[in-house]
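One structure is given here, and the rest of the page talks about it.
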Amino acid sequence: MPTRIFTVAELTAIGVPPASPEDIGYDDHLLADEPVTVLKYTALRRVVFRAKDDGRAYAVEYEAALDAGDYELGDAPSDHGWHGDTVEAVEVGPLPVTVIRWVTIEDGDL
């Protein structure tokens, strides 16, 4: 699994992590922002981005504020859950996936 080390400053310059998952459509370097899991006070997310220098796609996980409606929650950590000045990113690529989806049968379907 190819990896690359980015500094936090490099990721910030690219816009990683985005302020909101909805920001993905407005930046050429941000490709996806996906939920991974919910932690006790934050959400663990995975952002996929394209590096400006080599054009390859990489993914890093980060902690974001948990969107729980009206419930009072703590803020996401200011360091996004990254400890230190560098973050290890995994090189990724697109893979089309077929998924079975179960739907309600209407008369005449299937």
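Here, A, B, ... name the chains of the structure tokens in the order displayed, residue numbers run from 1 inside each chain, and ligands are numbered from 1 in the same displayed order.
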Residue contacts of A:Gly84 (12 Å, only C-alpha atoms) excluding same-chain residues fewer than 2 positions away, as a PDB file with N, CA and C atoms, in the first residue's frame:
```pdb
ATOM      1  N   ILE A   5       3.929  10.997   3.188  1.00  0.00           N
ATOM      2  CA  ILE A   5       3.849  11.850   4.360  1.00  0.00           C
ATOM      3  C   ILE A   5       3.628  13.293   3.896  1.00  0.00           C
ATOM      4  N   PHE A   6       2.579  13.927   4.422  1.00  0.00           N
ATOM      5  CA  PHE A   6       2.297  15.335   4.161  1.00  0.00           C
ATOM      6  C   PHE A   6       2.460  16.095   5.469  1.00  0.00           C
ATOM      7  N   THR A   7       2.892  17.334   5.373  1.00  0.00           N
ATOM      8  CA  THR A   7       2.889  18.174   6.564  1.00  0.00           C
ATOM      9  C   THR A   7       1.481  18.733   6.729  1.00  0.00           C
ATOM     10  N   VAL A   8       1.166  19.119   7.931  1.00  0.00           N
ATOM     11  CA  VAL A   8      -0.142  19.723   8.185  1.00  0.00           C
ATOM     12  C   VAL A   8      -0.286  21.000   7.361  1.00  0.00           C
ATOM     13  N   ALA A   9       0.794  21.740   7.188  1.00  0.00           N
ATOM     14  CA  ALA A   9       0.762  22.965   6.386  1.00  0.00           C
ATOM     15  C   ALA A   9       0.439  22.660   4.924  1.00  0.00           C
ATOM     16  N   ASP A  79      -6.546  20.025  16.138  1.00  0.00           N
ATOM     17  CA  ASP A  79      -5.541  19.375  15.291  1.00  0.00           C
ATOM     18  C   ASP A  79      -6.144  18.290  14.405  1.00  0.00           C
ATOM     19  N   HIS A  80      -7.481  18.202  14.337  1.00  0.00           N
ATOM     20  CA  HIS A  80      -8.210  17.246  13.500  1.00  0.00           C
ATOM     21  C   HIS A  80      -7.900  15.795  13.854  1.00  0.00           C
ATOM     22  N   GLY A  81      -7.363  15.573  15.049  1.00  0.00           N
ATOM     23  CA  GLY A  81      -7.002  14.227  15.456  1.00  0.00           C
ATOM     24  C   GLY A  81      -5.622  13.812  14.969  1.00  0.00           C
ATOM     25  N   TRP A  82      -4.910  14.729  14.333  1.00  0.00           N
ATOM     26  CA  TRP A  82      -3.563  14.452  13.858  1.00  0.00           C
ATOM     27  C   TRP A  82      -2.589  14.861  14.955  1.00  0.00           C
ATOM     28  N   THR A  86       3.157  16.064  10.918  1.00  0.00           N
ATOM     29  CA  THR A  86       2.992  15.325   9.668  1.00  0.00           C
ATOM     30  C   THR A  86       1.825  14.355   9.772  1.00  0.00           C
ATOM     31  N   VAL A  87       1.284  14.011   8.606  1.00  0.00           N
ATOM     32  CA  VAL A  87       0.158  13.086   8.512  1.00  0.00           C
ATOM     33  C   VAL A  87       0.465  12.088   7.403  1.00  0.00           C
ATOM     34  N   GLU A  88       0.253  10.806   7.674  1.00  0.00           N
ATOM     35  CA  GLU A  88       0.471   9.785   6.659  1.00  0.00           C
ATOM     36  C   GLU A  88      -0.798   9.635   5.825  1.00  0.00           C
TER      37      GLU A  88
END
```
Mind listing the strand (DSSP E) residues of chain A, per DSSP on the backbone, as an MDAnalysis selection string?
chainID A and resid 3:7 30:38 42:50 57:65 86:91
Give me a file of those residues, with N, CA, C and O atoms, as a short mmCIF file (atom, residue, chain, number, x, y, z; two decimals), in the first residue's frame.
```cif
data_model
loop_
_atom_site.label_atom_id
_atom_site.label_comp_id
_atom_site.auth_asym_id
_atom_site.auth_seq_id
_atom_site.Cartn_x
_atom_site.Cartn_y
_atom_site.Cartn_z
N THR A 3 2.17 4.87 0.49
CA THR A 3 1.81 5.97 1.37
C THR A 3 2.73 7.15 1.10
O THR A 3 3.76 7.02 0.45
N ARG A 4 2.31 8.29 1.62
CA ARG A 4 3.11 9.51 1.49
C ARG A 4 2.89 10.33 2.75
O ARG A 4 1.79 10.38 3.29
N ILE A 5 3.93 11.00 3.19
CA ILE A 5 3.85 11.85 4.36
C ILE A 5 3.63 13.29 3.90
O ILE A 5 4.38 13.81 3.06
N PHE A 6 2.58 13.93 4.42
CA PHE A 6 2.30 15.33 4.16
C PHE A 6 2.46 16.10 5.47
O PHE A 6 2.16 15.57 6.54
N THR A 7 2.89 17.33 5.37
CA THR A 7 2.89 18.17 6.56
C THR A 7 1.48 18.73 6.73
O THR A 7 0.71 18.81 5.76
N LEU A 30 -10.11 18.58 -4.02
CA LEU A 30 -10.86 17.76 -3.07
C LEU A 30 -11.82 16.87 -3.85
O LEU A 30 -12.68 17.35 -4.58
N LEU A 31 -11.66 15.56 -3.71
CA LEU A 31 -12.42 14.61 -4.53
C LEU A 31 -13.58 13.97 -3.79
O LEU A 31 -14.60 13.66 -4.39
N ALA A 32 -13.43 13.72 -2.49
CA ALA A 32 -14.49 13.06 -1.72
C ALA A 32 -14.27 13.31 -0.24
O ALA A 32 -13.15 13.52 0.21
N ASP A 33 -15.36 13.29 0.50
CA ASP A 33 -15.30 13.38 1.96
C ASP A 33 -16.35 12.40 2.48
O ASP A 33 -17.54 12.61 2.30
N GLU A 34 -15.89 11.30 3.07
CA GLU A 34 -16.77 10.19 3.43
C GLU A 34 -16.79 9.95 4.94
O GLU A 34 -15.76 10.07 5.59
N PRO A 35 -17.94 9.57 5.47
CA PRO A 35 -17.98 9.20 6.88
C PRO A 35 -17.31 7.84 7.09
O PRO A 35 -17.45 6.94 6.26
N VAL A 36 -16.57 7.70 8.18
CA VAL A 36 -15.93 6.43 8.53
C VAL A 36 -16.66 5.81 9.71
O VAL A 36 -17.16 4.70 9.63
N THR A 37 -16.75 6.55 10.81
CA THR A 37 -17.46 6.08 12.00
C THR A 37 -17.75 7.26 12.91
O THR A 37 -17.26 8.37 12.69
N VAL A 38 -18.54 7.00 13.91
CA VAL A 38 -18.85 8.02 14.91
C VAL A 38 -18.10 7.66 16.18
O VAL A 38 -18.23 6.54 16.68
N THR A 42 -16.93 13.05 18.44
CA THR A 42 -16.65 13.56 17.10
C THR A 42 -16.97 12.49 16.05
O THR A 42 -17.24 11.35 16.38
N ALA A 43 -16.92 12.91 14.80
CA ALA A 43 -17.11 11.99 13.68
C ALA A 43 -15.75 11.78 13.02
O ALA A 43 -15.02 12.74 12.77
N LEU A 44 -15.41 10.53 12.75
CA LEU A 44 -14.19 10.23 12.01
C LEU A 44 -14.56 10.20 10.53
O LEU A 44 -15.47 9.48 10.12
N ARG A 45 -13.88 11.02 9.74
CA ARG A 45 -14.17 11.14 8.31
C ARG A 45 -12.89 10.86 7.52
O ARG A 45 -11.79 10.93 8.04
N ARG A 46 -13.09 10.58 6.24
CA ARG A 46 -11.98 10.30 5.33
C ARG A 46 -12.11 11.25 4.14
O ARG A 46 -13.14 11.27 3.47
N VAL A 47 -11.08 12.02 3.89
CA VAL A 47 -11.09 12.95 2.77
C VAL A 47 -10.11 12.43 1.71
O VAL A 47 -9.01 11.97 2.03
N VAL A 48 -10.55 12.46 0.46
CA VAL A 48 -9.72 12.07 -0.68
C VAL A 48 -9.39 13.35 -1.44
O VAL A 48 -10.29 14.15 -1.75
N PHE A 49 -8.11 13.53 -1.72
CA PHE A 49 -7.67 14.75 -2.39
C PHE A 49 -6.58 14.43 -3.40
O PHE A 49 -5.96 13.38 -3.35
N ARG A 50 -6.38 15.35 -4.33
CA ARG A 50 -5.33 15.20 -5.34
C ARG A 50 -4.19 16.13 -4.96
O ARG A 50 -4.40 17.33 -4.76
N ALA A 57 -3.92 10.77 -6.23
CA ALA A 57 -4.97 10.91 -5.22
C ALA A 57 -4.55 10.21 -3.93
O ALA A 57 -4.01 9.10 -3.96
N TYR A 58 -4.81 10.86 -2.82
CA TYR A 58 -4.48 10.33 -1.50
C TYR A 58 -5.68 10.49 -0.57
O TYR A 58 -6.56 11.32 -0.82
N ALA A 59 -5.69 9.70 0.51
CA ALA A 59 -6.75 9.79 1.50
C ALA A 59 -6.15 9.88 2.89
O ALA A 59 -5.16 9.21 3.19
N VAL A 60 -6.76 10.72 3.71
CA VAL A 60 -6.39 10.81 5.13
C VAL A 60 -7.68 10.84 5.95
O VAL A 60 -8.71 11.30 5.47
N GLU A 61 -7.59 10.33 7.16
CA GLU A 61 -8.72 10.39 8.07
C GLU A 61 -8.52 11.58 9.01
O GLU A 61 -7.40 11.95 9.33
N TYR A 62 -9.64 12.17 9.43
CA TYR A 62 -9.59 13.30 10.34
C TYR A 62 -10.84 13.30 11.21
O TYR A 62 -11.84 12.66 10.89
N GLU A 63 -10.77 14.00 12.31
CA GLU A 63 -11.92 14.13 13.20
C GLU A 63 -12.63 15.44 12.91
O GLU A 63 -12.00 16.49 12.77
N ALA A 64 -13.96 15.37 12.83
CA ALA A 64 -14.78 16.55 12.57
C ALA A 64 -15.84 16.65 13.64
O ALA A 64 -16.13 15.69 14.36
N ALA A 65 -16.45 17.82 13.72
CA ALA A 65 -17.55 18.01 14.67
C ALA A 65 -18.67 17.04 14.33
O ALA A 65 -18.94 16.76 13.16
N THR A 86 3.16 16.06 10.92
CA THR A 86 2.99 15.33 9.67
C THR A 86 1.83 14.35 9.77
O THR A 86 1.44 13.94 10.86
N VAL A 87 1.28 14.01 8.61
CA VAL A 87 0.16 13.09 8.51
C VAL A 87 0.47 12.09 7.40
O VAL A 87 0.88 12.48 6.30
N GLU A 88 0.25 10.81 7.67
CA GLU A 88 0.47 9.79 6.66
C GLU A 88 -0.80 9.63 5.83
O GLU A 88 -1.90 9.46 6.36
N ALA A 89 -0.64 9.71 4.52
CA ALA A 89 -1.75 9.56 3.58
C ALA A 89 -1.56 8.28 2.78
O ALA A 89 -0.43 7.89 2.47
N VAL A 90 -2.65 7.65 2.42
CA VAL A 90 -2.63 6.43 1.62
C VAL A 90 -3.02 6.78 0.19
O VAL A 90 -3.99 7.51 -0.03
N GLU A 91 -2.26 6.29 -0.78
CA GLU A 91 -2.62 6.54 -2.18
C GLU A 91 -3.86 5.73 -2.53
O GLU A 91 -3.96 4.55 -2.18
#
```
